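Q: For reference, the structure I am asking about is given below.
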Amino acid sequence: MQVDYIIVGAGSAGCILAEQLTRCGQYNVLLLEAGGPLHNPWISVPAGFGATYYHPKYNYMYYSEAEAGMAGRKLYVPRGKGMGGSGSINAMIYVRGAPRDFDDWAKAGNPDWTYNKLLPYFEALEQHPDSAAPLRGSQGPIGITPMAAGAHPTCSHFLAATRQLNLPQSQDFNGMQFEGAGIYDTNIRTGRRDSSYTAYLKPALKRTNLGLWQEAQVEKLIIKDRQVEGVQVIHQGKQQQVIAKQEVILCAGAVASPQLLQLSGIGNTQHLEQLDIACHHHLPAVGENLQDHVCASFYYRSKQKTLNDDFGSWAGKLKAAWQYAIARSGPLSMSVNQAGGFFRGSDQERYANIQLYFNPLSYEIAENPNAKLAPLPYSGFLIAANPCRPSSTGSIRLASSNPLAAPKIKLNFLTTEHDCREVVQAGNLVRKIASAAALQAIIKAEEKPASLVRNDGQMLDYFRTHGGSIYHLSGTCNMGPDANHSVVDETLKVHGIEGLRIADASIFPNVTSGNTNAPTMMVALKAADLILNS
């Protein structure tokens, strides 16, 4: 079988690329997705993301290697499996990142990736309800819902506390003011998750020049003389080869894209030879430079009712279900991550380096396929904190030559002085905001860490023993001009290999400040332009 383009992965990036490359009608595209369709109705319900948190049908449910900087623990690393990828199981917070994040991409040797040059792609994604909002798009496919109008009343106490501390305020983290406290935007349309799958791919599937194979496991790339000719894939129980007349584009994400390169013999020769994989091309940066945000949560018992009360009683559940069924409104129609923002952890910091989430729900998620958000049995809320731009880097490396085997994920959290200093800043900032009069008015007690943390050393230990990933993996096929230290050039072509590009979060030269779904979708739009204009 031959097509013009093969796209591996129907996640946040792959869905957009498939739609964009088939729009003109000139090219035949085959989209390959290892997962299957989205039959779970909770996926479309914004507050229902906990239903897929431990669901093997929609989630690869990876774990990291034992992390020395995290008290030797193996950390949970969920990754989306199925249509929409991680964009179908995330909490839908829509944050582009700080402008300097992308200017740093350009400084890393990618001059066409400055924030100003990427802004049109961000705007093209968005259907923001305020067409006059500065720097925002209002005609794009992705529905944007600012949560300010419907945020839980406790969020106002968080915002008031930040004002009492004279911290900056932001009306729109994606607009003129990145730094400050505010209410998050979400990629939600009329009370339903609006992912790149629902907004881009589903309308495009009626096109005759777009093919979709679900439950299609790509085993390796077909390579001849450093030219990628196609892929070897298991589909409907049969091993098949599909040839790409133009290019193969990997959109499999920060874990699976480097994994597939290594399975195909592209990577560090020494690592590949240890698994008896013949090296077609020595590219030592494949799977390296992994970055993610390490996060810890602070739990508070509230004097005021919170979403714990709505979701923790049958009366509250019935009311929420009725509101959602009748008008797609109420607490089920919103992300549970509502307020927060970007702050400087000390007066000496030049930029906002800490992200906070104020969540009017404190919860646990049981480790089982039917898991749902389980509110703690009291009125409560949590504040989660993570540094924005960590300096530590990890890796994705094969554990086996078996394509179905999970790779070794090494996050390397808290292995630099910079990162250790910043998590202490993050935790102290949470405590500082919680001590302001506006929040003290509704706080009964700090449930956790409480007496476990009384000084900076104990704060660092709290992050080591209770922190984890906030699931923003990126950088494992990083973009740059040097084949010794990067995987793709600024046109997203893999160094030294013809017929192969990568377009997903793995190409980030550095992780962005904030949630990574929006910049991943931006990469896909930029990639489509690069491909169609090459």
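Residue numbering restarts at 1 in every chain; chains get A, B, ... in the order shown in the structure tokens, and ligands count up from 1 in that same order.
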Excluding range 268-284 of chain A and residues on its chain fewer than 6 positions from it, collect all residues at most 9 Å away from it, counting only C-alpha atoms, and give them as a PyMOL selection string.

A: chain A and resi 223-226+262+397-401+483-487+495-497

Q: If we count only C-alpha atoms, what is near Gln164 in chain A at a cut-off of 7 Å, once residues fewer than 3 positions away on the same chain are taken out, given as JSON, numbers by chain?

A: {"A": [160, 161, 436]}

Q: Quick one: residues within 10 Å of Gly191 in chain A, only C-alpha atoms, excluding same-chain residues fewer than 4 positions away - as a ChimeraX atom specification?

A: /A:44-47,145,187,324,327-335

Q: Which neighbours of Val255 in chain A fall inside 10 Å, counting only C-alpha atoms, when residues of the same chain fewer than 5 positions from it are skipped, and could you give them as JSON, numbers by chain?

A: {"A": [62, 79, 260, 287, 290, 395, 396, 397, 406, 407, 408, 409, 473, 474, 475, 476, 477, 505, 506]}

Q: Using N, CA and C atoms, can you export the residues from the last selection as a PDB file, in the first residue's frame?

A:
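Output file again.pdb follows:
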```pdb
ATOM      1  N   TYR A  62       2.124   4.458  32.292  1.00  0.00           N
ATOM      2  CA  TYR A  62       3.544   4.200  32.511  1.00  0.00           C
ATOM      3  C   TYR A  62       3.953   4.562  33.939  1.00  0.00           C
ATOM      4  N   ARG A  79      -0.186   8.492  29.923  1.00  0.00           N
ATOM      5  CA  ARG A  79      -0.089   8.991  28.533  1.00  0.00           C
ATOM      6  C   ARG A  79      -1.334   8.521  27.800  1.00  0.00           C
ATOM      7  N   LEU A 260      10.020   4.792  19.036  1.00  0.00           N
ATOM      8  CA  LEU A 260       9.938   4.247  17.681  1.00  0.00           C
ATOM      9  C   LEU A 260      11.225   4.491  16.900  1.00  0.00           C
ATOM     10  N   GLY A 287      15.800  10.460  22.576  1.00  0.00           N
ATOM     11  CA  GLY A 287      15.375   9.991  23.891  1.00  0.00           C
ATOM     12  C   GLY A 287      15.979  10.739  25.055  1.00  0.00           C
ATOM     13  N   LEU A 290      14.756  14.839  28.213  1.00  0.00           N
ATOM     14  CA  LEU A 290      13.382  14.784  28.708  1.00  0.00           C
ATOM     15  C   LEU A 290      13.184  15.823  29.806  1.00  0.00           C
ATOM     16  N   SER A 395      15.356  10.953  30.454  1.00  0.00           N
ATOM     17  CA  SER A 395      15.535  10.212  29.208  1.00  0.00           C
ATOM     18  C   SER A 395      14.406   9.204  28.999  1.00  0.00           C
ATOM     19  N   ILE A 396      14.229   8.828  27.733  1.00  0.00           N
ATOM     20  CA  ILE A 396      13.375   7.718  27.319  1.00  0.00           C
ATOM     21  C   ILE A 396      14.263   6.733  26.576  1.00  0.00           C
ATOM     22  N   ARG A 397      14.412   5.544  27.111  1.00  0.00           N
ATOM     23  CA  ARG A 397      15.264   4.537  26.468  1.00  0.00           C
ATOM     24  C   ARG A 397      14.533   3.200  26.430  1.00  0.00           C
ATOM     25  N   ALA A 406       6.966  -1.407  27.487  1.00  0.00           N
ATOM     26  CA  ALA A 406       7.094  -0.022  27.943  1.00  0.00           C
ATOM     27  C   ALA A 406       8.563   0.367  27.995  1.00  0.00           C
ATOM     28  N   PRO A 407       8.897   1.572  27.562  1.00  0.00           N
ATOM     29  CA  PRO A 407      10.293   2.008  27.639  1.00  0.00           C
ATOM     30  C   PRO A 407      10.676   2.403  29.063  1.00  0.00           C
ATOM     31  N   LYS A 408      11.945   2.622  29.273  1.00  0.00           N
ATOM     32  CA  LYS A 408      12.433   3.106  30.559  1.00  0.00           C
ATOM     33  C   LYS A 408      12.324   4.635  30.569  1.00  0.00           C
ATOM     34  N   ILE A 409      11.541   5.142  31.506  1.00  0.00           N
ATOM     35  CA  ILE A 409      11.341   6.585  31.630  1.00  0.00           C
ATOM     36  C   ILE A 409      12.100   7.064  32.858  1.00  0.00           C
ATOM     37  N   LEU A 473       5.460  15.935  29.744  1.00  0.00           N
ATOM     38  CA  LEU A 473       6.688  15.392  29.176  1.00  0.00           C
ATOM     39  C   LEU A 473       6.974  16.012  27.805  1.00  0.00           C
ATOM     40  N   SER A 474       8.239  16.341  27.572  1.00  0.00           N
ATOM     41  CA  SER A 474       8.627  16.977  26.317  1.00  0.00           C
ATOM     42  C   SER A 474      10.133  16.879  26.128  1.00  0.00           C
ATOM     43  N   GLY A 475      10.596  17.218  24.915  1.00  0.00           N
ATOM     44  CA  GLY A 475      12.014  17.434  24.656  1.00  0.00           C
ATOM     45  C   GLY A 475      12.837  16.249  24.220  1.00  0.00           C
ATOM     46  N   THR A 476      12.243  15.079  24.054  1.00  0.00           N
ATOM     47  CA  THR A 476      13.023  13.861  23.812  1.00  0.00           C
ATOM     48  C   THR A 476      13.450  13.667  22.359  1.00  0.00           C
ATOM     49  N   CYS A 477      12.966  14.521  21.464  1.00  0.00           N
ATOM     50  CA  CYS A 477      13.470  14.588  20.081  1.00  0.00           C
ATOM     51  C   CYS A 477      13.689  16.063  19.757  1.00  0.00           C
ATOM     52  N   ALA A 505       5.243  17.124  21.130  1.00  0.00           N
ATOM     53  CA  ALA A 505       5.939  17.768  22.247  1.00  0.00           C
ATOM     54  C   ALA A 505       7.378  17.311  22.393  1.00  0.00           C
ATOM     55  N   SER A 506       7.748  16.224  21.751  1.00  0.00           N
ATOM     56  CA  SER A 506       9.133  15.767  21.860  1.00  0.00           C
ATOM     57  C   SER A 506      10.115  16.730  21.216  1.00  0.00           C
TER      58      SER A 506
END
```

Q: Determine, counting only C-alpha atoms, which protein, DNA and RNA residues have an atom within 10 Å of an atom of Leu165 in chain A; residues of the same chain fewer than 6 positions away are not included. Present the result as a list in words.

A: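 So the residues in contact are Lys432, Ile433, Ser435, Ala436 and Ala437 of chain A.
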
Q: May I have the selected residues written with C-alpha atoms, as a PDB file, in the first residue's frame?

A:
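Listing of result24.pdb after writing:
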```
ATOM      1  CA  LYS A 432       2.446  32.649  51.974  1.00  0.00           C
ATOM      2  CA  ILE A 433      -0.753  32.967  49.920  1.00  0.00           C
ATOM      3  CA  SER A 435      -1.606  32.845  55.216  1.00  0.00           C
ATOM      4  CA  ALA A 436      -3.209  35.977  53.713  1.00  0.00           C
ATOM      5  CA  ALA A 437      -6.378  37.167  55.417  1.00  0.00           C
TER       6      ALA A 437
END
```

Q: So, counting only C-alpha atoms, which residue among A:Ala503, A:Ile188, A:Ala256, A:Met479 is closest to Lys220 in chain A?

A: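 Ranked by minimum distance to Lys220 in chain A, first place goes to A:Ala256.
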